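J.: Following this line is model33.cif, made up of mmCIF, C-alpha atoms:
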data_model
#
loop_
_atom_site.group_PDB
_atom_site.id
_atom_site.type_symbol
_atom_site.label_atom_id
_atom_site.label_comp_id
_atom_site.auth_asym_id
_atom_site.auth_seq_id
_atom_site.Cartn_x
_atom_site.Cartn_y
_atom_site.Cartn_z
ATOM 1 C CA MET A 1 -238.835 58.650 219.840
ATOM 2 C CA ASN A 2 -238.072 62.153 221.022
ATOM 3 C CA TYR A 3 -238.939 62.243 224.723
ATOM 4 C CA ARG A 4 -238.330 65.490 226.608
ATOM 5 C CA THR A 5 -239.875 64.652 229.992
ATOM 6 C CA ILE A 6 -239.366 61.296 231.664
ATOM 7 C CA GLY A 7 -240.330 59.933 235.039
ATOM 8 C CA VAL A 8 -239.097 56.867 236.879
ATOM 9 C CA VAL A 9 -240.342 54.892 239.844
ATOM 10 C CA GLU A 10 -238.000 52.172 241.119
ATOM 11 C CA LEU A 11 -239.488 49.582 243.478
ATOM 12 C CA ASN A 12 -238.394 46.766 245.738
ATOM 13 C CA SER A 13 -241.132 44.429 244.469
ATOM 14 C CA ILE A 14 -241.630 42.848 241.062
ATOM 15 C CA ALA A 15 -245.338 42.075 241.499
ATOM 16 C CA LEU A 16 -246.127 45.531 242.859
ATOM 17 C CA GLY A 17 -243.877 46.963 240.137
ATOM 18 C CA MET A 18 -246.112 45.495 237.460
ATOM 19 C CA GLN A 19 -249.194 46.913 239.162
ATOM 20 C CA THR A 20 -247.464 50.279 239.483
ATOM 21 C CA ALA A 21 -246.579 50.299 235.770
ATOM 22 C CA ASP A 22 -250.207 49.567 234.927
ATOM 23 C CA GLU A 23 -251.523 52.318 237.207
ATOM 24 C CA MET A 24 -248.946 54.830 235.941
ATOM 25 C CA SER A 25 -249.918 54.214 232.328
ATOM 26 C CA LYS A 26 -253.619 54.607 233.205
ATOM 27 C CA ALA A 27 -253.184 57.684 235.417
ATOM 28 C CA ALA A 28 -252.230 60.093 232.617
ATOM 29 C CA THR A 29 -251.516 60.287 228.913
ATOM 30 C CA VAL A 30 -247.937 58.954 228.958
ATOM 31 C CA THR A 31 -245.887 56.420 227.030
ATOM 32 C CA LEU A 32 -244.651 53.463 229.066
ATOM 33 C CA VAL A 33 -240.997 53.465 227.957
ATOM 34 C CA MET A 34 -239.761 50.724 230.257
ATOM 35 C CA ALA A 35 -241.292 48.340 232.766
ATOM 36 C CA ARG A 36 -239.051 45.483 233.796
ATOM 37 C CA PRO A 37 -237.400 43.685 236.663
ATOM 38 C CA THR A 38 -233.844 44.516 237.646
ATOM 39 C CA CYS A 39 -231.447 43.014 240.161
ATOM 40 C CA PRO A 40 -231.798 42.245 243.039
ATOM 41 C CA GLY A 41 -235.529 41.679 242.750
ATOM 42 C CA ARG A 42 -236.373 45.283 241.959
ATOM 43 C CA TYR A 43 -238.665 46.696 239.279
ATOM 44 C CA LEU A 44 -238.149 49.810 237.149
ATOM 45 C CA VAL A 45 -240.963 51.814 235.557
ATOM 46 C CA MET A 46 -240.179 54.670 233.155
ATOM 47 C CA VAL A 47 -242.781 56.884 231.484
ATOM 48 C CA ALA A 48 -242.505 59.802 229.064
ATOM 49 C CA GLY A 49 -244.811 62.545 227.870
ATOM 50 C CA ASP A 50 -245.617 66.153 228.614
ATOM 51 C CA THR A 51 -244.390 67.370 231.991
ATOM 52 C CA GLY A 52 -247.780 67.570 233.698
ATOM 53 C CA SER A 53 -248.784 64.085 232.593
ATOM 54 C CA VAL A 54 -245.466 62.557 233.652
ATOM 55 C CA LYS A 55 -245.696 64.228 237.069
ATOM 56 C CA SER A 56 -249.244 62.901 237.522
ATOM 57 C CA SER A 57 -248.206 59.431 236.423
ATOM 58 C CA VAL A 58 -245.198 59.312 238.772
ATOM 59 C CA GLU A 59 -247.318 60.617 241.649
ATOM 60 C CA ALA A 60 -249.847 57.845 241.011
ATOM 61 C CA GLY A 61 -247.035 55.285 240.842
ATOM 62 C CA ARG A 62 -245.540 56.439 244.126
ATOM 63 C CA GLU A 63 -248.953 56.237 245.778
ATOM 64 C CA VAL A 64 -249.586 52.680 244.536
ATOM 65 C CA ALA A 65 -246.076 51.485 245.399
ATOM 66 C CA GLY A 66 -246.057 53.033 248.859
ATOM 67 C CA ASP A 67 -243.151 51.935 251.016
ATOM 68 C CA MET A 68 -241.820 49.700 248.236
ATOM 69 C CA VAL A 69 -240.488 52.781 246.385
ATOM 70 C CA ILE A 70 -236.692 52.758 246.417
ATOM 71 C CA ASP A 71 -236.182 55.852 244.284
ATOM 72 C CA TRP A 72 -238.044 58.074 241.816
ATOM 73 C CA PHE A 73 -237.718 61.262 239.760
ATOM 74 C CA VAL A 74 -239.185 63.456 237.029
ATOM 75 C CA ILE A 75 -236.797 65.178 234.594
ATOM 76 C CA SER A 76 -238.662 67.763 232.543
ATOM 77 C CA SER A 77 -235.873 68.355 230.042
ATOM 78 C CA ILE A 78 -233.883 65.125 229.644
ATOM 79 C CA HIS A 79 -230.617 65.426 227.732
ATOM 80 C CA PRO A 80 -231.100 63.764 224.322
ATOM 81 C CA THR A 81 -228.137 61.390 224.815
ATOM 82 C CA VAL A 82 -229.485 59.768 227.996
ATOM 83 C CA LEU A 83 -232.082 57.417 226.490
ATOM 84 C CA PRO A 84 -229.758 56.092 223.757
ATOM 85 C CA ALA A 85 -227.124 55.423 226.454
ATOM 86 C CA LEU A 86 -229.741 53.479 228.448
ATOM 87 C CA SER A 87 -230.470 51.252 225.488
ATOM 88 C CA GLY A 88 -226.819 50.768 224.524
ATOM 89 C CA ALA A 89 -227.412 52.528 221.200
ATOM 90 C CA THR A 90 -224.728 55.183 221.668
ATOM 91 C CA ILE A 91 -222.029 55.370 219.035
ATOM 92 C CA VAL A 92 -218.843 56.913 220.368
ATOM 93 C CA PRO A 93 -216.218 57.411 217.660
ATOM 94 C CA ARG A 94 -213.306 57.327 220.117
ATOM 95 C CA ILE A 95 -212.599 57.331 223.812
ATOM 96 C CA ASN A 96 -210.375 60.016 225.280
ATOM 97 C CA ALA A 97 -210.587 60.457 229.052
ATOM 98 C CA LEU A 98 -213.020 58.083 230.748
ATOM 99 C CA GLY A 99 -215.415 59.043 233.545
ATOM 100 C CA VAL A 100 -217.561 56.608 235.505
ATOM 101 C CA ILE A 101 -220.186 57.281 238.174
ATOM 102 C CA GLU A 102 -221.490 54.253 240.092
ATOM 103 C CA THR A 103 -224.728 54.533 242.098
ATOM 104 C CA TYR A 104 -226.915 52.376 244.315
ATOM 105 C CA THR A 105 -230.101 52.828 242.273
ATOM 106 C CA VAL A 106 -231.050 53.044 238.608
ATOM 107 C CA ALA A 107 -232.942 56.285 239.184
ATOM 108 C CA SER A 108 -229.925 58.010 240.750
ATOM 109 C CA CYS A 109 -227.735 56.806 237.871
ATOM 110 C CA ILE A 110 -230.076 58.328 235.280
ATOM 111 C CA LEU A 111 -230.089 61.590 237.247
ATOM 112 C CA ALA A 112 -226.273 61.533 237.327
ATOM 113 C CA ALA A 113 -226.063 60.807 233.587
ATOM 114 C CA ASP A 114 -228.460 63.629 232.728
ATOM 115 C CA ALA A 115 -226.594 66.162 234.892
ATOM 116 C CA ALA A 116 -223.220 65.021 233.522
ATOM 117 C CA ALA A 117 -224.361 65.252 229.897
ATOM 118 C CA LYS A 118 -225.834 68.716 230.431
ATOM 119 C CA SER A 119 -222.756 70.098 232.165
ATOM 120 C CA GLY A 120 -219.994 69.607 229.636
ATOM 121 C CA GLN A 121 -218.735 68.420 226.313
ATOM 122 C CA VAL A 122 -218.886 64.697 226.994
ATOM 123 C CA ASP A 123 -220.345 61.738 225.161
ATOM 124 C CA LEU A 124 -222.236 59.221 227.253
ATOM 125 C CA ILE A 125 -220.947 55.751 226.419
ATOM 126 C CA GLU A 126 -223.430 53.663 228.375
ATOM 127 C CA ILE A 127 -225.809 53.594 231.297
ATOM 128 C CA ARG A 128 -225.735 50.061 232.658
ATOM 129 C CA PHE A 129 -228.203 49.213 235.347
ATOM 130 C CA ALA A 130 -228.876 46.574 237.896
ATOM 131 C CA ALA A 131 -228.619 43.411 235.753
ATOM 132 C CA GLY A 132 -225.853 41.368 237.312
ATOM 133 C CA LEU A 133 -224.702 44.361 239.349
ATOM 134 C CA ALA A 134 -226.402 43.609 242.682
ATOM 135 C CA GLY A 135 -228.766 46.534 242.115
ATOM 136 C CA LYS A 136 -226.052 49.098 241.444
ATOM 137 C CA SER A 137 -225.837 51.080 238.220
ATOM 138 C CA TYR A 138 -223.204 53.097 236.421
ATOM 139 C CA VAL A 139 -222.805 55.635 233.658
ATOM 140 C CA SER A 140 -219.634 55.923 231.605
ATOM 141 C CA MET A 141 -218.650 58.946 229.530
ATOM 142 C CA THR A 142 -215.769 60.273 227.476
ATOM 143 C CA GLY A 143 -214.353 63.605 226.376
ATOM 144 C CA ASP A 144 -211.312 65.705 227.136
ATOM 145 C CA VAL A 145 -209.978 65.397 230.699
ATOM 146 C CA GLY A 146 -211.331 68.755 231.897
ATOM 147 C CA SER A 147 -214.806 68.136 230.516
ATOM 148 C CA VAL A 148 -214.960 64.625 231.968
ATOM 149 C CA LYS A 149 -213.857 65.860 235.408
ATOM 150 C CA ALA A 150 -216.452 68.649 235.327
ATOM 151 C CA SER A 151 -219.190 66.291 234.112
ATOM 152 C CA VAL A 152 -218.434 63.652 236.750
ATOM 153 C CA ALA A 153 -218.577 66.340 239.455
ATOM 154 C CA ALA A 154 -221.875 67.667 238.043
ATOM 155 C CA GLY A 155 -223.258 64.135 237.792
ATOM 156 C CA ILE A 156 -222.463 63.441 241.427
ATOM 157 C CA GLU A 157 -224.117 66.701 242.447
ATOM 158 C CA GLY A 158 -227.071 65.967 240.147
ATOM 159 C CA VAL A 159 -227.916 62.842 242.111
ATOM 160 C CA GLY A 160 -228.918 65.123 244.991
ATOM 161 C CA GLU A 161 -231.155 63.509 247.591
ATOM 162 C CA SER A 162 -231.590 60.429 245.380
ATOM 163 C CA GLY A 163 -228.064 59.077 245.984
ATOM 164 C CA PRO A 164 -225.799 58.201 247.408
ATOM 165 C CA VAL A 165 -223.094 57.761 244.821
ATOM 166 C CA TYR A 166 -221.202 54.540 245.501
ATOM 167 C CA SER A 167 -218.015 55.393 243.610
ATOM 168 C CA HIS A 168 -216.659 57.520 240.792
ATOM 169 C CA VAL A 169 -213.461 57.794 238.789
ATOM 170 C CA VAL A 170 -211.832 59.783 235.997
ATOM 171 C CA ILE A 171 -209.171 57.986 233.976
ATOM 172 C CA PRO A 172 -207.252 60.608 231.956
ATOM 173 C CA SER A 173 -205.781 58.201 229.430
ATOM 174 C CA PRO A 174 -207.340 54.722 229.473
ATOM 175 C CA SER A 175 -205.383 51.860 227.936
ATOM 176 C CA GLU A 176 -206.235 50.641 224.444
ATOM 177 C CA ASP A 177 -207.235 47.298 225.989
ATOM 178 C CA LEU A 178 -209.781 48.977 228.256
ATOM 179 C CA LYS A 179 -211.089 51.158 225.395
ATOM 180 C CA ALA A 180 -211.686 48.012 223.301
ATOM 181 C CA GLN A 181 -213.822 46.571 226.125
ATOM 182 C CA LEU A 182 -215.958 49.716 226.252
ATOM 183 C CA MET A 183 -216.756 50.046 222.564
#
Please lay out the structure from this file as structure tokens.
T.:
Amino acid sequence: MNYRTIGVVELNSIALGMQTADEMSKAATVTLVMARPTCPGRYLVMVAGDTGSVKSSVEAGREVAGDMVIDWFVISSIHPTVLPALSGATIVPRINALGVIETYTVASCILAADAAAKSGQVDLIEIRFAAGLAGKSYVSMTGDVGSVKASVAAGIEGVGESGPVYSHVVIPSPSEDLKAQLM
């Protein structure tokens, strides 16, 4: 599907996360893209639709979730490579320089990935979140060294208030062994 506006609410409660997903899908005409538990005992709700509906849905979700909200956002013009990277459906023909941004929340990682993809000529390899990562998430990307450096810097800045970024790295020439693990 071709989603342009997405919204996310990330919670610290699985039960309340399910209720939040239900309320968000009822609050406006949106598509519930993702509603599932993540580590460590968190819950992620993602909706898509027109900008006004997504904003209304996220606002309703934040109200229901209250102080259990860990992070949230609305991106009105998501980069088209972000959702495939979330689902592991990205096909990267080759890996040149490697950039990685590691965050404390899934929402901040998606914000970083979107900002990185919009800022330069990079291919997102994967957005891996919270499963087996103690709640942390990361986005990996490839391109020429200059583009990867610029995109990592933009991704870190794109996290904004959502952050903080846990760690980041640019590897100018990753080994063939590491490349094989990433593809």
J.: How many Å separate atom CA of Thr90 of chain A from atom CA of Ala112 of chain A?
T.: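 The value is 17.0 Å.
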J.: Any idea what the distance is between atom CA of Val92 of chain A and atom CA of Val159 of chain A?
T.: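 Those two atoms sit 24.3 Å apart.
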J.: How far is it from atom CA of Thr142 of chain A to atom CA of Ser119 of chain A, in Å with one decimal?
T.: 12.9 Å
J.: Name the residues that the PyMOL selection byres ((chain A and resi 109) around 9) pulls out of this structure, and write them as an MDAnalysis selection string.
T.: chainID A and resid 101:108 110:114 127:129 136:139 155 159 163 165
J.: What would the file look like if the residues just selected were written as a PDB file, keeping the file's coordinate frame with C-alpha atoms?
T.:
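And here's part_8.pdb as it stands now:
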ATOM      1  CA  ILE A 101    -220.186  57.281 238.174  1.00  0.00           C
ATOM      2  CA  GLU A 102    -221.490  54.253 240.092  1.00  0.00           C
ATOM      3  CA  THR A 103    -224.728  54.533 242.098  1.00  0.00           C
ATOM      4  CA  TYR A 104    -226.915  52.376 244.315  1.00  0.00           C
ATOM      5  CA  THR A 105    -230.101  52.828 242.273  1.00  0.00           C
ATOM      6  CA  VAL A 106    -231.050  53.044 238.608  1.00  0.00           C
ATOM      7  CA  ALA A 107    -232.942  56.285 239.184  1.00  0.00           C
ATOM      8  CA  SER A 108    -229.925  58.010 240.750  1.00  0.00           C
ATOM      9  CA  ILE A 110    -230.076  58.328 235.280  1.00  0.00           C
ATOM     10  CA  LEU A 111    -230.089  61.590 237.247  1.00  0.00           C
ATOM     11  CA  ALA A 112    -226.273  61.533 237.327  1.00  0.00           C
ATOM     12  CA  ALA A 113    -226.063  60.807 233.587  1.00  0.00           C
ATOM     13  CA  ASP A 114    -228.460  63.629 232.728  1.00  0.00           C
ATOM     14  CA  ILE A 127    -225.809  53.594 231.297  1.00  0.00           C
ATOM     15  CA  ARG A 128    -225.735  50.061 232.658  1.00  0.00           C
ATOM     16  CA  PHE A 129    -228.203  49.213 235.347  1.00  0.00           C
ATOM     17  CA  LYS A 136    -226.052  49.098 241.444  1.00  0.00           C
ATOM     18  CA  SER A 137    -225.837  51.080 238.220  1.00  0.00           C
ATOM     19  CA  TYR A 138    -223.204  53.097 236.421  1.00  0.00           C
ATOM     20  CA  VAL A 139    -222.805  55.635 233.658  1.00  0.00           C
ATOM     21  CA  GLY A 155    -223.258  64.135 237.792  1.00  0.00           C
ATOM     22  CA  VAL A 159    -227.916  62.842 242.111  1.00  0.00           C
ATOM     23  CA  GLY A 163    -228.064  59.077 245.984  1.00  0.00           C
ATOM     24  CA  VAL A 165    -223.094  57.761 244.821  1.00  0.00           C
TER      25      VAL A 165
END
J.: Please enumerate the residues selected by the PyMOL selection byres ((chain A and resi 1-13) around 6) when evaluated against the supplied file, formatted as a list in words.
T.: Ile14, Ala15, Leu16, Gly17, Arg42, Tyr43, Leu44, Val45, Met46, Val47, Ala48, Gly49, Thr51, Val54, Met68, Val69, Ile70, Asp71, Trp72, Phe73, Val74, Ile75, Ser76, Ser77 and Ile78 of chain A
